>>> print(open('coords_21.txt').read())   # compact mmCIF, C-alpha atoms
# COMPACT_ATOMS: atom_id res chain seq x y z
CA MET A 1 6.46 51.45 29.77
CA SER A 2 10.14 50.77 29.20
CA THR A 3 9.54 47.04 29.44
CA LEU A 4 6.78 47.24 26.86
CA ALA A 5 9.03 49.28 24.59
CA HIS A 6 11.59 46.47 24.59
CA VAL A 7 8.91 43.84 23.97
CA PHE A 8 7.16 45.80 21.22
CA GLU A 9 10.37 46.64 19.39
CA ALA A 10 11.44 43.01 19.46
CA ALA A 11 8.08 42.19 17.87
CA GLY A 12 8.61 44.69 15.06
CA LEU A 13 6.95 47.91 16.27
CA ALA A 14 8.65 51.28 16.51
CA THR A 15 8.07 52.84 19.92
CA ILE A 16 8.42 56.16 21.66
CA VAL A 17 8.48 56.29 25.46
CA LEU A 18 7.48 59.48 27.21
CA GLY A 19 9.74 58.93 30.22
CA SER A 20 8.77 60.49 33.55
CA ASN A 21 11.56 59.05 35.71
CA LEU A 22 15.03 59.64 34.30
CA SER A 23 16.77 57.09 36.49
CA VAL A 24 14.44 54.33 35.37
CA VAL A 25 14.70 55.01 31.63
CA GLU A 26 18.48 55.42 31.86
CA ARG A 27 18.83 52.04 33.50
CA MET A 28 16.30 50.25 31.30
CA ASN A 29 17.49 51.63 27.95
CA PRO A 30 14.33 51.52 25.87
CA PRO A 31 14.97 52.38 22.22
CA ARG A 32 13.55 55.90 21.98
CA VAL A 33 12.85 58.05 25.01
CA LEU A 34 11.63 61.60 25.29
CA HIS A 35 12.34 62.35 28.93
CA CYS A 36 9.70 64.77 30.20
CA GLU A 37 10.25 66.25 33.65
CA PHE A 38 6.54 66.96 34.13
CA PRO A 39 4.26 66.31 37.11
CA LEU A 40 3.72 62.62 37.65
CA GLY A 41 0.31 61.78 36.23
CA ARG A 42 0.67 64.35 33.43
CA PRO A 43 2.98 62.78 30.82
CA LEU A 44 1.88 65.28 28.16
CA GLY A 45 2.57 68.13 30.56
CA LYS A 46 -0.30 70.57 30.47
CA PRO A 47 -4.02 69.74 30.61
CA GLY A 48 -6.06 71.89 28.27
CA ASP A 49 -3.02 73.03 26.26
CA ALA A 50 -3.35 71.31 22.90
CA ALA A 51 -0.40 73.14 21.37
CA PHE A 52 1.94 72.04 24.15
CA GLN A 53 0.72 68.45 24.00
CA ARG A 54 1.14 68.38 20.22
CA ASP A 55 4.65 69.72 20.58
CA VAL A 56 5.50 66.92 23.01
CA LEU A 57 4.25 64.34 20.53
CA GLU A 58 6.10 65.91 17.62
CA ARG A 59 9.32 65.90 19.62
CA GLY A 60 8.69 62.22 20.28
CA PHE A 61 7.99 61.45 16.63
CA ALA A 62 11.23 63.21 15.69
CA LEU A 63 13.09 60.40 17.46
CA LEU A 64 11.89 58.04 14.73
CA ASP A 65 14.53 59.62 12.48
CA GLU A 66 17.31 58.22 14.68
CA THR A 67 19.11 55.08 13.59
CA GLU A 68 20.05 53.82 17.02
CA PRO A 69 18.68 54.02 20.60
CA VAL A 70 18.24 57.56 21.77
CA LEU A 71 17.22 59.50 24.89
CA VAL A 72 16.35 63.17 24.50
CA HIS A 73 15.29 65.59 27.22
CA HIS A 74 12.29 67.82 26.72
CA PRO A 75 13.61 71.37 27.20
CA GLU A 76 10.90 72.46 29.62
CA THR A 77 10.56 71.33 33.23
CA ILE A 78 7.13 71.58 34.83
CA GLU A 79 7.05 71.29 38.60
CA SER A 80 4.11 70.16 40.65
CA ASP A 81 2.86 72.73 43.13
CA GLU A 82 1.43 71.45 46.38
CA THR A 83 -0.22 74.74 47.22
CA PRO A 84 -3.86 73.72 47.67
CA MET A 85 -6.04 74.73 44.75
CA ALA A 86 -8.45 77.56 45.41
CA CYS A 87 -11.87 76.00 45.81
CA SER A 88 -14.90 76.92 47.87
CA LEU A 89 -16.30 74.34 50.24
CA PRO A 90 -19.95 74.03 51.20
CA PRO A 91 -21.04 75.72 54.42
CA ARG A 92 -21.91 73.56 57.40
CA TYR A 93 -25.51 72.42 56.96
CA ASN A 94 -26.28 69.73 59.52
CA PRO A 95 -24.25 70.20 62.72
CA ASP A 96 -25.48 66.84 64.00
CA LEU A 97 -23.37 65.05 61.39
CA PRO A 98 -19.60 64.64 61.46
CA ALA A 99 -18.15 67.57 59.55
CA ALA A 100 -16.74 65.37 56.78
CA VAL A 101 -20.07 63.64 56.22
CA ASP A 102 -21.89 66.97 56.06
CA GLU A 103 -19.27 68.33 53.67
CA ALA A 104 -19.41 65.32 51.34
CA GLN A 105 -23.17 65.64 51.07
CA GLY A 106 -22.79 69.31 50.29
CA LEU A 107 -20.45 68.54 47.39
CA ARG A 108 -22.77 66.10 45.69
CA ALA A 109 -24.28 68.56 43.25
CA ALA A 110 -20.83 69.62 42.04
CA TYR A 111 -19.80 65.99 41.70
CA ASP A 112 -22.90 65.21 39.66
CA ARG A 113 -22.19 68.13 37.35
CA ALA A 114 -18.65 66.87 36.83
CA VAL A 115 -19.89 63.39 35.92
CA GLU A 116 -22.47 64.78 33.53
CA LYS A 117 -19.84 66.94 31.86
CA ARG A 118 -17.33 64.12 31.33
CA GLY A 119 -19.71 61.23 30.93
CA ALA A 120 -17.51 59.23 33.27
CA THR A 121 -16.26 59.12 36.83
CA SER A 122 -13.29 57.38 38.37
CA VAL A 123 -15.31 56.92 41.58
CA GLY A 124 -16.58 53.37 41.89
CA ARG A 125 -13.52 51.27 42.41
CA VAL A 126 -15.24 49.72 45.42
CA ILE A 127 -17.85 52.24 46.60
CA SER A 128 -20.26 54.51 44.80
CA ALA A 129 -20.66 58.24 45.25
CA ASP A 130 -23.76 57.45 47.32
CA GLN A 131 -21.56 55.58 49.81
CA VAL A 132 -18.93 58.31 50.23
CA PRO A 133 -20.68 59.99 53.22
CA GLU A 134 -21.15 56.62 54.91
CA ALA A 135 -17.49 55.75 54.42
CA LEU A 136 -16.43 59.09 55.85
CA GLY A 137 -18.65 58.43 58.85
CA VAL A 138 -16.71 55.25 59.51
CA LEU A 139 -13.35 56.99 59.09
CA ASP A 140 -14.56 59.62 61.54
CA GLN A 141 -15.28 56.88 64.05
CA TRP A 142 -11.84 55.35 63.51
CA ALA A 143 -10.27 58.76 64.01
CA ASN A 144 -12.14 59.07 67.28
CA GLY A 145 -11.10 55.76 68.73
CA ALA A 146 -13.43 53.14 67.29
CA ALA A 147 -11.74 49.81 66.58
CA TRP A 148 -11.41 49.30 62.83
CA LYS A 149 -12.18 45.60 63.13
CA ASP A 150 -15.49 46.35 64.82
CA THR A 151 -16.51 49.29 62.64
CA PRO A 152 -16.32 48.22 58.99
CA LEU A 153 -16.19 50.43 55.95
CA PRO A 154 -18.72 49.83 53.16
CA ASP A 155 -15.94 47.80 51.50
CA PRO A 156 -13.20 45.95 53.39
CA ASN A 157 -10.38 47.54 51.37
CA PRO A 158 -9.60 50.90 53.03
CA ILE A 159 -7.07 51.84 50.36
CA ALA A 160 -9.65 51.56 47.62
CA VAL A 161 -12.32 53.26 49.71
CA CYS A 162 -10.00 56.20 50.35
CA HIS A 163 -9.19 56.30 46.64
CA ASP A 164 -12.89 56.64 45.87
CA ILE A 165 -13.38 59.33 48.51
CA ARG A 166 -10.47 61.38 47.23
CA THR A 167 -11.62 60.98 43.63
CA TYR A 168 -15.15 62.07 44.55
CA TYR A 169 -13.71 65.18 46.14
CA GLU A 170 -11.27 65.98 43.35
CA GLU A 171 -13.91 65.59 40.67
CA ALA A 172 -16.31 67.82 42.62
CA GLY A 173 -13.59 70.29 43.56
CA LEU A 174 -12.39 70.75 39.99
CA GLU A 175 -15.97 71.58 39.06
CA LEU A 176 -15.98 74.34 41.69
CA ALA A 177 -12.47 75.72 41.22
CA ASP A 178 -12.05 78.88 39.18
CA GLY A 179 -9.21 79.97 36.95
CA PRO A 180 -6.64 78.05 34.94
CA PRO A 181 -6.10 74.33 35.52
CA PRO A 182 -4.53 73.74 38.93
CA ALA A 183 -0.92 72.63 39.05
CA GLY A 184 -0.01 68.99 39.50
CA ARG A 185 -0.87 67.83 43.04
CA ALA A 186 -2.73 71.05 43.90
CA ALA A 187 -6.02 69.14 44.00
CA GLU A 188 -4.39 66.44 46.10
CA ALA A 189 -3.13 69.09 48.52
CA TRP A 190 -6.56 70.73 48.65
CA PHE A 191 -8.18 67.42 49.53
CA HIS A 192 -5.73 66.42 52.24
CA GLU A 193 -5.13 69.83 53.79
CA GLU A 194 -8.28 71.89 53.25
CA THR A 195 -11.23 69.55 53.35
CA GLU A 196 -12.82 67.95 56.39
CA ALA A 197 -12.76 64.66 54.53
CA GLY A 198 -9.02 64.84 53.97
CA LYS A 199 -8.37 65.75 57.58
CA THR A 200 -10.63 62.92 58.73
CA LEU A 201 -8.89 60.45 56.43
CA MET A 202 -5.47 61.46 57.72
CA ALA A 203 -6.65 61.24 61.34
CA ALA A 204 -8.11 57.79 60.71
CA ARG A 205 -4.86 56.74 59.05
CA ALA A 206 -2.88 57.93 62.07
CA ALA A 207 -5.25 56.05 64.38
CA LEU A 208 -4.77 52.84 62.41
CA LYS A 209 -1.02 53.21 62.59
CA GLU A 210 -1.27 53.81 66.33
CA ALA A 211 -3.44 50.71 66.64
CA ASP A 212 -0.78 48.61 64.88
CA ALA A 213 -2.99 47.89 61.88
CA PRO A 214 -1.11 46.23 59.01
CA PHE A 215 1.27 48.70 57.36
CA PRO A 216 -0.09 48.51 53.80
CA MET A 217 -3.63 48.95 55.08
CA TRP A 218 -3.05 52.43 56.48
CA PHE A 219 0.01 53.62 54.58
CA TYR A 220 -1.57 53.56 51.12
CA MET A 221 -4.69 55.36 52.26
CA ALA A 222 -2.85 58.55 51.27
CA PRO A 223 0.16 59.49 49.13
CA GLY A 224 3.35 58.15 50.63
CA HIS A 225 4.98 61.50 51.32
CA ARG A 226 2.04 62.45 53.52
CA MET B 227 9.95 66.88 50.16
CA SER B 228 7.34 67.12 47.40
CA GLY B 229 5.34 64.11 46.37
CA ASP B 230 6.91 63.93 42.91
CA THR B 231 10.42 64.23 44.32
CA ALA B 232 9.68 61.49 46.83
CA MET B 233 8.28 59.19 44.16
CA ARG B 234 11.19 59.82 41.80
CA GLU B 235 13.59 58.99 44.62
CA VAL B 236 11.71 55.75 45.19
CA GLY B 237 12.12 55.06 41.48
CA ASN B 238 15.84 55.79 41.70
CA SER B 239 16.33 53.14 44.37
CA MET B 240 14.09 50.46 42.89
CA PRO B 241 15.56 47.58 40.95
CA VAL B 242 14.41 47.56 37.34
CA PRO B 243 14.09 44.75 34.81
CA GLU B 244 17.32 44.19 32.95
CA PHE B 245 17.60 43.90 29.18
CA GLU B 246 20.98 42.83 27.84
CA THR B 247 20.30 44.39 24.46
CA THR B 248 17.97 47.06 23.16
CA ALA B 249 15.75 45.84 20.36
CA PHE B 250 15.38 48.54 17.74
CA THR B 251 12.86 48.57 14.93
CA PRO B 252 13.44 51.37 12.43
CA LEU B 253 10.32 52.92 11.00
CA ALA B 254 10.08 51.36 7.55
CA LYS B 255 7.98 54.06 5.92
CA PRO B 256 7.35 57.77 6.36
CA LEU B 257 5.52 58.84 9.50
CA SER B 258 2.94 60.48 7.26
CA GLU B 259 2.03 57.00 5.98
CA SER B 260 2.26 55.24 9.34
CA THR B 261 -0.48 54.11 11.71
CA VAL B 262 0.02 55.24 15.30
CA ALA B 263 -1.39 53.76 18.51
CA ILE B 264 -1.19 54.79 22.15
CA VAL B 265 -0.40 52.29 24.88
CA THR B 266 -0.57 53.65 28.42
CA SER B 267 0.18 52.29 31.86
CA ALA B 268 -2.55 54.45 33.41
CA ALA B 269 -4.95 51.51 33.72
CA LEU B 270 -7.58 53.30 31.63
CA HIS B 271 -10.85 51.57 31.00
CA ARG B 272 -14.32 52.49 29.88
CA HIS B 273 -16.76 53.85 32.44
CA GLY B 274 -18.99 51.08 33.72
CA GLU B 275 -16.65 48.25 32.75
CA ASP B 276 -14.55 46.19 35.12
CA GLY B 277 -11.32 47.88 36.08
CA PHE B 278 -7.85 46.55 36.80
CA THR B 279 -7.09 44.53 39.92
CA VAL B 280 -4.05 45.14 42.11
CA GLY B 281 -1.01 43.71 40.36
CA ASP B 282 -3.02 43.12 37.19
CA THR B 283 -0.71 42.02 34.38
CA GLY B 284 -3.36 42.13 31.68
CA PHE B 285 -4.41 44.89 29.33
CA LYS B 286 -7.62 46.41 28.04
CA ASP B 287 -8.53 47.78 24.66
CA ILE B 288 -9.72 51.32 24.08
CA ASP B 289 -11.65 52.15 20.96
CA ARG B 290 -10.49 55.15 18.96
CA ALA B 291 -13.83 56.88 19.67
CA ASP B 292 -13.86 56.24 23.44
CA ARG B 293 -13.69 59.31 25.62
CA ASN B 294 -15.66 58.07 28.64
CA LEU B 295 -12.55 56.71 30.26
CA VAL B 296 -11.72 56.02 33.89
CA LEU B 297 -8.23 56.23 35.33
CA GLY B 298 -8.01 52.93 37.18
CA HIS B 299 -4.41 52.98 38.38
CA TRP B 300 -4.17 51.91 42.03
CA SER B 301 -1.39 54.19 43.21
CA PRO B 302 -2.31 57.27 45.27
CA ASN B 303 1.09 58.77 44.44
CA PHE B 304 0.52 60.88 41.35
CA ASP B 305 -1.71 63.70 40.20
CA ARG B 306 -5.10 62.68 38.84
CA SER B 307 -6.61 66.10 38.38
CA GLY B 308 -4.89 66.62 35.04
CA PHE B 309 -6.62 63.59 33.58
CA GLN B 310 -9.93 64.70 35.03
CA LEU B 311 -9.56 68.07 33.31
CA ASP B 312 -8.26 66.75 30.00
CA LEU B 313 -7.71 63.09 29.27
CA ASN B 314 -5.23 64.03 26.55
CA VAL B 315 -2.65 64.86 29.20
CA VAL B 316 -2.41 61.09 29.76
CA TYR B 317 -3.96 59.66 26.61
CA PRO B 318 -3.40 62.12 23.74
CA ILE B 319 -6.00 60.68 21.41
CA ASP B 320 -7.36 64.04 20.23
CA ARG B 321 -3.84 65.21 19.44
CA LEU B 322 -3.30 62.09 17.30
CA GLU B 323 -6.54 62.81 15.45
CA GLU B 324 -5.33 66.35 14.74
CA LEU B 325 -1.92 65.13 13.60
CA ALA B 326 -3.60 62.67 11.24
CA ALA B 327 -5.92 65.36 9.89
CA ASP B 328 -2.87 67.54 9.25
CA GLY B 329 -1.02 64.73 7.49
CA VAL B 330 1.78 64.53 10.05
CA ILE B 331 0.92 60.91 10.79
CA GLY B 332 -0.84 58.55 8.43
CA GLU B 333 -3.63 57.03 10.50
CA VAL B 334 -4.83 56.82 14.06
CA ALA B 335 -5.16 53.20 15.11
CA GLU B 336 -8.72 51.99 15.60
CA THR B 337 -7.77 50.34 18.90
CA HIS B 338 -5.41 51.49 21.66
CA PHE B 339 -4.41 49.67 24.83
CA ALA B 340 -4.01 50.24 28.56
CA PHE B 341 -1.95 48.33 31.08
CA ALA B 342 -1.78 48.91 34.83
CA GLY B 343 1.45 50.43 36.04
CA ASN B 344 1.50 48.50 39.30
CA GLN B 345 3.16 45.36 38.01
CA PRO B 346 4.85 42.60 39.97
CA ASP B 347 8.56 43.41 40.26
CA THR B 348 9.74 40.71 37.87
CA VAL B 349 7.32 41.87 35.10
CA SER B 350 7.79 38.36 33.71
CA GLU B 351 4.18 38.08 32.50
CA LEU B 352 4.51 41.43 30.81
CA ARG B 353 7.69 40.32 29.07
CA LEU B 354 6.64 36.82 28.14
CA ASP B 355 2.87 36.82 27.87
CA THR B 356 0.72 39.94 27.89
CA GLY B 357 3.28 42.27 26.30
CA PRO B 358 3.87 40.03 23.27
CA ASN B 359 0.13 39.37 23.07
CA CYS B 360 -0.57 43.10 22.90
CA ALA B 361 2.20 43.55 20.32
CA ALA B 362 0.59 40.87 18.16
CA LYS B 363 -2.75 42.69 18.31
CA LEU B 364 -1.10 45.96 17.34
CA LEU B 365 0.74 44.37 14.42
CA ALA B 366 -2.40 42.59 13.25
CA ALA B 367 -4.15 45.96 13.21
CA GLY B 368 -1.46 47.41 10.98
CA VAL B 369 0.11 49.64 13.64
CA ASP B 370 3.61 50.92 12.85
CA VAL B 371 4.34 53.27 15.75
CA VAL B 372 3.38 53.07 19.43
CA VAL B 373 3.47 56.05 21.78
CA LEU B 374 3.92 54.79 25.34
CA THR B 375 2.57 57.06 28.08
CA PRO B 376 3.08 56.48 31.82
CA VAL B 377 1.44 58.18 34.79
>>> encode(input="coords_21.txt", output="structure tokens")
Amino acid sequence: MSTLAHVFEAAGLATIVLGSNLSVVERMNPPRVLHCEFPLGRPLGKPGDAAFQRDVLERGFALLDETEPVLVHHPETIESDETPMACSLPPRYNPDLPAAVDEAQGLRAAYDRAVEKRGATSVGRVISADQVPEALGVLDQWANGAAWKDTPLPDPNPIAVCHDIRTYYEEAGLELADGPPPAGRAAEAWFHEETEAGKTLMAARAALKEADAPFPMWFYMAPGHR
Amino acid sequence: MSGDTAMREVGNSMPVPEFETTAFTPLAKPLSESTVAIVTSAALHRHGEDGFTVGDTGFKDIDRADRNLVLGHWSPNFDRSGFQLDLNVVYPIDRLEELAADGVIGEVAETHFAFAGNQPDTVSELRLDTGPNCAAKLLAAGVDVVVLTPV
């Protein structure tokens, strides 16, 4: 964003950067920065809070009154909270299936409701929602010792497949969760720590690492700090 | 260590593109008469359309009316649930509409743009090719102010 700010200003546009990483904006010196210490992925701070979002924008627009480059800090800090969001999971239905596969099938109705509500889904980078149980079946095999080269995922890119699995779960889970919007990373924590799919993904990731699979292949299957 | 703390520490240690000077374009007219656009690095694109590839240096247009948007950024290292709940937390298009209706800004641009945040380290294409190209489109559309949102 800071690079684009420099380029756009040189072209004759006035810009406002909502900066999420102070070190980066301090070193790159874009013309007008409102530094917002909010959860990464939430540059306007609070989903569902129009007044807060509007206030962020108005603080940004106020920087247009300055006559030279400026960096201002938003007065509020919002921390992520990696306490898993509260969300019911479907009961075990078919004990003959791996738990993650059974679970993913049980979440399908919630996922479909979420897609209908938004009119869009971020699942589909490389696999569809229909393929999520199949992909989890393969990860379950990897976690239990199957060689990844001999047991292919529905798409050869495990990073993208895991992205689609996690997105399927988060979209379904948000449809099932009660209460106010979960904090930043609470859905991520729920997926990786509470669901059978997340546990299977992490076990498969560990198995790939143990099997000396290429680093990027397994590392980016999950957030780096995990 | 939390995920956000870990990612910010990565950001602290990463080299960043250097700019010897800071270009600065003063707003030439009141904000209430200015046209505002959003440009985001969240790799947003319309549902059902091709997304961004890894290391994609290009950009995609978003129509003012589009709400069926997909968050196509490749990194697993940030929260996505906020966008799922309310796209305005990444792409504050409804807030711009409200600000225009209230006369705070002049107009909401008809077209907005998305880049992918995972850029090659040199960002040379962004600086020399796709960035200027996007700027030209914004200027041709009469945009005065750009709000840049990361993820």
>>> closest_residue(input="coords_21.txt", among="A:Phe215, A:Phe61, A:Phe38, A:Tyr111", to="Ala14 (chain A)", atoms="all atoms listed in the file")
A:Phe61
>>> interface_residues(input="coords_21.txt", of="chain A", to="chain B", cutoff="6 Å", atoms="only C-alpha atoms", output="compact mmCIF listing (two decimals) with C-alpha atoms, keeping the file's coordinate frame")
# COMPACT_ATOMS: atom_id res chain seq x y z
CA HIS A 6 11.59 46.47 24.59
CA PHE A 8 7.16 45.80 21.22
CA GLU A 9 10.37 46.64 19.39
CA ALA A 10 11.44 43.01 19.46
CA GLY A 12 8.61 44.69 15.06
CA LEU A 13 6.95 47.91 16.27
CA ALA A 14 8.65 51.28 16.51
CA THR A 15 8.07 52.84 19.92
CA ILE A 16 8.42 56.16 21.66
CA VAL A 17 8.48 56.29 25.46
CA LEU A 18 7.48 59.48 27.21
CA SER A 23 16.77 57.09 36.49
CA PRO A 31 14.97 52.38 22.22
CA LEU A 40 3.72 62.62 37.65
CA GLY A 41 0.31 61.78 36.23
CA ARG A 42 0.67 64.35 33.43
CA PRO A 43 2.98 62.78 30.82
CA LEU A 44 1.88 65.28 28.16
CA PRO A 47 -4.02 69.74 30.61
CA GLY A 48 -6.06 71.89 28.27
CA ARG A 54 1.14 68.38 20.22
CA GLY A 119 -19.71 61.23 30.93
CA ALA A 120 -17.51 59.23 33.27
CA SER A 122 -13.29 57.38 38.37
CA GLY A 184 -0.01 68.99 39.50
CA ARG A 185 -0.87 67.83 43.04
CA PRO A 223 0.16 59.49 49.13
CA HIS A 225 4.98 61.50 51.32
>>> atom_distance(input="coords_21.txt", atom1="CA of Glu193 (chain A)", atom2="CA of Arg226 (chain A)")
10.3 Å
>>> residues_around(input="coords_21.txt", residues="Met202 (chain A)", least_positions_apart="6", cutoff="12 Å", atoms="all atoms listed in the file", output="list in words")
Ala100, Leu136, Leu139, Asp140, Trp142, Ala143, Asn144, Cys162, Arg166, Phe191, His192, Glu193, Glu194, Thr195, Glu196, Leu208, Lys209, Trp218, Phe219, Tyr220, Met221, Ala222, Pro223, Gly224 and Arg226 of chain A
>>> atom_distance(input="coords_21.txt", atom1="CA of Glu333 (chain B)", atom2="CA of Arg290 (chain B)")
11.1 Å
>>> atom_distance(input="coords_21.txt", atom1="CA of Ser80 (chain A)", atom2="CA of Pro216 (chain A)")
25.7 Å
